[in-house]
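Engineer: Take a look at the following structure, please.
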Amino acid sequence: MARAVDGPVVVVGAPGQKLPELPAGVAVVDDPVEGLGPMQGIAAGLAAVADRAATAFVCSTDMPFLHTAFVRRVLRALAAPEVDMVLPVARGFRQPLAAGYRTALAGLITKLVAEGDLRPGMLFKHCQVLQLDDTELLADAALSRYDPDLESVLNINTPEDYAQALGRPPAEVTVQCFGALAGGGRRGARSIRAATLGEAAGGVGLALDRHVVAALNGDQITRDARLPLVAGDSVAFLSADAGG
């Protein structure tokens, strides 16, 4: 998510819920009332960023194959001023937990929840919704190339689903080493499978220590080994000691 948006990233959890370690800069917001379903969580998340962002991409946390291109495609459609929500209808289902929302909807959603309207479908009746089907989503060249089956919206519901997801091969990315790091048979670009930046470094025999930095897709400079990678990413490793 952080790679696909230019604003804050918020995780909404139950009060006191134990969460895994999150990347630096990710905020945690409490869902004030347990048991009210995703609408309450959406309202809490939108309200938390409403003073810093006019729009937001909302997703559940059980979508391991969400691609940055999917997020960007949805948010681009939300740029139209008359649209309050962009609702993908992907793989035959409406996807309110992989959708774009105007953060100003937080108040309306809170009101609907208070009135007992807990289903996302009730929100659609009160705002301007743009639906995007598979064809419209895949009109985006990057999404069509790197996620042609729209697996971005696949979620994990059972231990069996989770095991199956873990068993899938990681994304295919392009890796290249420059300067002193290009020795030892590392010269030239190569395609490898890696789920994280650390795995990509390990795939070419490097460790992301203080001597090595990475440029992701030509712009983001990092040495965060846990940074997730997606299909189509390009990683360049440089020597930090040489000014890289």
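Lettering and numbering for the structure tokens are positional, with chains as A, B, ... in the shown order, residues counted from 1 in each chain, and ligands counted from 1 in the shown order.
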What's the 9 Å shell around stretch 179-190 of chain A, counting only C-alpha atoms, without same-chain residues fewer than 5 positions away, as a PDB file with N, CA, C and O atoms, in the first residue's frame?

Structural biologist:
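This is the output file result.pdb:
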ATOM      1  N   VAL A 173      10.876 -10.613 -10.649  1.00  0.00           N
ATOM      2  CA  VAL A 173      11.390  -9.245 -10.684  1.00  0.00           C
ATOM      3  C   VAL A 173      12.722  -9.229 -11.425  1.00  0.00           C
ATOM      4  O   VAL A 173      13.373 -10.262 -11.603  1.00  0.00           O
ATOM      5  N   THR A 174      13.120  -8.046 -11.859  1.00  0.00           N
ATOM      6  CA  THR A 174      14.399  -7.875 -12.543  1.00  0.00           C
ATOM      7  C   THR A 174      15.406  -7.269 -11.588  1.00  0.00           C
ATOM      8  O   THR A 174      15.116  -6.275 -10.915  1.00  0.00           O
ATOM      9  N   VAL A 204      21.043 -12.781  -5.597  1.00  0.00           N
ATOM     10  CA  VAL A 204      22.274 -12.464  -6.343  1.00  0.00           C
ATOM     11  C   VAL A 204      23.484 -12.466  -5.411  1.00  0.00           C
ATOM     12  O   VAL A 204      24.526 -11.894  -5.720  1.00  0.00           O
ATOM     13  N   GLY A 205      23.312 -13.093  -4.244  1.00  0.00           N
ATOM     14  CA  GLY A 205      24.450 -13.265  -3.346  1.00  0.00           C
ATOM     15  C   GLY A 205      24.846 -12.030  -2.573  1.00  0.00           C
ATOM     16  O   GLY A 205      26.016 -11.883  -2.195  1.00  0.00           O
ATOM     17  N   LEU A 206      23.886 -11.149  -2.302  1.00  0.00           N
ATOM     18  CA  LEU A 206      24.173  -9.928  -1.549  1.00  0.00           C
ATOM     19  C   LEU A 206      23.402  -9.920  -0.239  1.00  0.00           C
ATOM     20  O   LEU A 206      22.382 -10.594  -0.095  1.00  0.00           O
ATOM     21  N   VAL A 212      25.361  -1.678   1.214  1.00  0.00           N
ATOM     22  CA  VAL A 212      24.557  -1.899   0.005  1.00  0.00           C
ATOM     23  C   VAL A 212      23.222  -1.165   0.135  1.00  0.00           C
ATOM     24  O   VAL A 212      22.583  -1.213   1.190  1.00  0.00           O
ATOM     25  N   ALA A 236      17.765  -2.281  -8.535  1.00  0.00           N
ATOM     26  CA  ALA A 236      19.177  -2.048  -8.810  1.00  0.00           C
ATOM     27  C   ALA A 236      19.925  -1.946  -7.496  1.00  0.00           C
ATOM     28  O   ALA A 236      19.558  -1.158  -6.620  1.00  0.00           O
ATOM     29  N   PHE A 237      20.948  -2.775  -7.329  1.00  0.00           N
ATOM     30  CA  PHE A 237      21.762  -2.748  -6.119  1.00  0.00           C
ATOM     31  C   PHE A 237      23.039  -1.953  -6.379  1.00  0.00           C
ATOM     32  O   PHE A 237      23.703  -2.143  -7.399  1.00  0.00           O
ATOM     33  N   LEU A 238      23.349  -1.059  -5.433  1.00  0.00           N
ATOM     34  CA  LEU A 238      24.507  -0.207  -5.571  1.00  0.00           C
ATOM     35  C   LEU A 238      25.314  -0.240  -4.284  1.00  0.00           C
ATOM     36  O   LEU A 238      24.787  -0.505  -3.200  1.00  0.00           O
ATOM     37  N   SER A 239      26.586   0.112  -4.393  1.00  0.00           N
ATOM     38  CA  SER A 239      27.452   0.165  -3.228  1.00  0.00           C
ATOM     39  C   SER A 239      27.253   1.482  -2.516  1.00  0.00           C
ATOM     40  O   SER A 239      27.494   2.559  -3.079  1.00  0.00           O
ATOM     41  N   ALA A 242      30.349   3.686  -2.216  1.00  0.00           N
ATOM     42  CA  ALA A 242      30.805   4.412  -3.403  1.00  0.00           C
ATOM     43  C   ALA A 242      29.893   5.584  -3.712  1.00  0.00           C
ATOM     44  O   ALA A 242      29.938   6.151  -4.798  1.00  0.00           O
ATOM     45  N   GLY A 244      26.595   5.325  -3.727  1.00  0.00           N
ATOM     46  CA  GLY A 244      25.335   4.870  -4.301  1.00  0.00           C
ATOM     47  C   GLY A 244      24.168   5.152  -3.386  1.00  0.00           C
ATOM     48  O   GLY A 244      23.086   5.377  -3.849  1.00  0.00           O
TER      49      GLY A 244
END

Engineer: From the DSSP assignment of the backbone, select every residue of stretch 165-220 of chain A that is helix (DSSP H, G or I), and format the answer as an NGL selection string.

Structural biologist: :A and (165-166 or 179-182 or 197-203)

Engineer: Of the candidates A:Asp133, A:Asp233, A:Glu172, A:Asp6, which one gets nearest to A:Leu75 if we count only C-alpha atoms?

Structural biologist: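 Of A:Asp133, A:Asp233, A:Glu172, A:Asp6, the one nearest A:Leu75 is A:Asp6, counting only C-alpha atoms.
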
Engineer: Work out how far atom CA of A:Ala141 is from atom CA of A:Val11, in Å to one decimal.

Structural biologist: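 So the two atoms, atom CA of A:Val11 and atom CA of A:Ala141, lie 29.3 Å apart.
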
Engineer: Grab the atom CA of A:Asp140 to atom CA of A:Ala4 distance for me, in Å with one decimal place.

Structural biologist: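 Taking atom CA of A:Asp140 and atom CA of A:Ala4, their separation equals 14.8 Å.
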
Engineer: Using DSSP secondary structure from the backbone, list all strand (DSSP E) positions within stretch 9-216 of chain A, as a PyMOL selection string.

Structural biologist: chain A and resi 10-13+27-30+55-59+85-90+93-94+98-102+129-133+172-177+190-193+212-216

Engineer: At a cut-off of 12 Å, using only C-alpha atoms, what residues contact A:Arg168? Leave out same-chain residues fewer than 2 positions from it and give the result as a PDB file with N, CA, C and O atoms, in the first residue's frame.

Structural biologist:
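Result saved to out.pdb:
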ATOM      1  N   PRO A  64      -3.080 -11.165  -0.142  1.00  0.00           N
ATOM      2  CA  PRO A  64      -1.629 -11.224  -0.303  1.00  0.00           C
ATOM      3  C   PRO A  64      -1.127 -10.917  -1.707  1.00  0.00           C
ATOM      4  O   PRO A  64       0.069 -10.680  -1.885  1.00  0.00           O
ATOM      5  N   PHE A  65      -2.008 -10.942  -2.697  1.00  0.00           N
ATOM      6  CA  PHE A  65      -1.549 -10.733  -4.070  1.00  0.00           C
ATOM      7  C   PHE A  65      -1.954  -9.371  -4.624  1.00  0.00           C
ATOM      8  O   PHE A  65      -1.899  -9.140  -5.826  1.00  0.00           O
ATOM      9  N   ASP A 161      -6.380 -22.050   2.500  1.00  0.00           N
ATOM     10  CA  ASP A 161      -6.092 -20.937   1.587  1.00  0.00           C
ATOM     11  C   ASP A 161      -4.709 -20.361   1.869  1.00  0.00           C
ATOM     12  O   ASP A 161      -3.948 -20.041   0.948  1.00  0.00           O
ATOM     13  N   TYR A 162      -4.417 -20.210   3.159  1.00  0.00           N
ATOM     14  CA  TYR A 162      -3.141 -19.623   3.565  1.00  0.00           C
ATOM     15  C   TYR A 162      -1.968 -20.505   3.133  1.00  0.00           C
ATOM     16  O   TYR A 162      -0.967 -20.030   2.587  1.00  0.00           O
ATOM     17  N   ALA A 163      -2.106 -21.808   3.355  1.00  0.00           N
ATOM     18  CA  ALA A 163      -1.048 -22.737   2.962  1.00  0.00           C
ATOM     19  C   ALA A 163      -0.841 -22.721   1.453  1.00  0.00           C
ATOM     20  O   ALA A 163       0.296 -22.768   0.961  1.00  0.00           O
ATOM     21  N   GLN A 164      -1.945 -22.643   0.718  1.00  0.00           N
ATOM     22  CA  GLN A 164      -1.845 -22.607  -0.735  1.00  0.00           C
ATOM     23  C   GLN A 164      -1.148 -21.330  -1.200  1.00  0.00           C
ATOM     24  O   GLN A 164      -0.319 -21.349  -2.123  1.00  0.00           O
ATOM     25  N   ALA A 165      -1.471 -20.212  -0.555  1.00  0.00           N
ATOM     26  CA  ALA A 165      -0.830 -18.942  -0.924  1.00  0.00           C
ATOM     27  C   ALA A 165       0.667 -18.994  -0.646  1.00  0.00           C
ATOM     28  O   ALA A 165       1.484 -18.531  -1.454  1.00  0.00           O
ATOM     29  N   LEU A 166       1.042 -19.571   0.507  1.00  0.00           N
ATOM     30  CA  LEU A 166       2.465 -19.673   0.841  1.00  0.00           C
ATOM     31  C   LEU A 166       3.212 -20.563  -0.134  1.00  0.00           C
ATOM     32  O   LEU A 166       4.413 -20.391  -0.359  1.00  0.00           O
ATOM     33  N   PRO A 170       7.139 -16.860  -5.630  1.00  0.00           N
ATOM     34  CA  PRO A 170       7.137 -15.399  -5.488  1.00  0.00           C
ATOM     35  C   PRO A 170       7.052 -14.703  -6.836  1.00  0.00           C
ATOM     36  O   PRO A 170       7.167 -15.325  -7.903  1.00  0.00           O
ATOM     37  N   ALA A 171       6.896 -13.380  -6.794  1.00  0.00           N
ATOM     38  CA  ALA A 171       6.814 -12.577  -8.010  1.00  0.00           C
ATOM     39  C   ALA A 171       8.133 -12.605  -8.778  1.00  0.00           C
ATOM     40  O   ALA A 171       9.216 -12.749  -8.196  1.00  0.00           O
ATOM     41  N   GLU A 172       8.036 -12.464 -10.078  1.00  0.00           N
ATOM     42  CA  GLU A 172       9.242 -12.378 -10.910  1.00  0.00           C
ATOM     43  C   GLU A 172       9.650 -10.921 -11.045  1.00  0.00           C
ATOM     44  O   GLU A 172       8.859 -10.075 -11.473  1.00  0.00           O
ATOM     45  N   ARG A 193      12.902 -14.740  -8.890  1.00  0.00           N
ATOM     46  CA  ARG A 193      11.654 -14.707  -8.131  1.00  0.00           C
ATOM     47  C   ARG A 193      11.974 -14.341  -6.688  1.00  0.00           C
ATOM     48  O   ARG A 193      12.805 -14.992  -6.056  1.00  0.00           O
ATOM     49  N   ALA A 194      11.310 -13.304  -6.188  1.00  0.00           N
ATOM     50  CA  ALA A 194      11.580 -12.831  -4.836  1.00  0.00           C
ATOM     51  C   ALA A 194      10.351 -12.114  -4.297  1.00  0.00           C
ATOM     52  O   ALA A 194       9.760 -11.288  -4.985  1.00  0.00           O
ATOM     53  N   ALA A 195       9.985 -12.431  -3.069  1.00  0.00           N
ATOM     54  CA  ALA A 195       8.823 -11.796  -2.448  1.00  0.00           C
ATOM     55  C   ALA A 195       9.183 -10.505  -1.742  1.00  0.00           C
ATOM     56  O   ALA A 195       8.324  -9.649  -1.529  1.00  0.00           O
TER      57      ALA A 195
END

Engineer: Atom CA of A:Ala207 and atom CA of A:Ala231, how far apart in Å?

Structural biologist: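 Going from atom CA of A:Ala231 over to atom CA of A:Ala207 covers 21.5 Å.
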
Engineer: Tell me which of A:Arg52, A:Phe124, A:Gly116, A:Pro96 sits closest to A:Asp84, counting only C-alpha atoms.

Structural biologist: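 Using only C-alpha atoms, A:Asp84 sits closest to A:Phe124.
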
Engineer: Can you pull out the residues contacting A:Pro23? Cut-off 10 Å, using only C-alpha atoms, and skip same-chain residues under 6 positions away; I want them as a list of chain:residue names.

Structural biologist: A:Ala2, A:Val9, A:Asp224, A:Arg226, A:Leu227

Engineer: Filtering to N, CA, C and O atoms, could you give me those residues as a PDB file, in the first residue's frame?

Structural biologist:
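So again-v2.pdb came out as:
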ATOM      1  N   ALA A   2       1.882   1.261   0.836  1.00  0.00           N
ATOM      2  CA  ALA A   2       2.723   2.454   0.944  1.00  0.00           C
ATOM      3  C   ALA A   2       3.399   2.789  -0.382  1.00  0.00           C
ATOM      4  O   ALA A   2       3.658   3.955  -0.673  1.00  0.00           O
ATOM      5  N   VAL A   9      -0.557   5.646   5.571  1.00  0.00           N
ATOM      6  CA  VAL A   9      -1.106   4.289   5.567  1.00  0.00           C
ATOM      7  C   VAL A   9      -1.561   3.980   6.989  1.00  0.00           C
ATOM      8  O   VAL A   9      -0.812   4.170   7.949  1.00  0.00           O
ATOM      9  N   ASP A 224      15.554  -1.663   3.118  1.00  0.00           N
ATOM     10  CA  ASP A 224      14.596  -2.394   3.945  1.00  0.00           C
ATOM     11  C   ASP A 224      14.398  -3.790   3.367  1.00  0.00           C
ATOM     12  O   ASP A 224      13.719  -3.971   2.356  1.00  0.00           O
ATOM     13  N   ARG A 226      12.605  -6.167   4.261  1.00  0.00           N
ATOM     14  CA  ARG A 226      11.236  -6.691   4.306  1.00  0.00           C
ATOM     15  C   ARG A 226      10.322  -6.049   3.272  1.00  0.00           C
ATOM     16  O   ARG A 226       9.159  -6.448   3.154  1.00  0.00           O
ATOM     17  N   LEU A 227      10.806  -5.083   2.525  1.00  0.00           N
ATOM     18  CA  LEU A 227       9.964  -4.382   1.564  1.00  0.00           C
ATOM     19  C   LEU A 227       9.378  -5.374   0.558  1.00  0.00           C
ATOM     20  O   LEU A 227      10.100  -6.090  -0.125  1.00  0.00           O
TER      21      LEU A 227
END
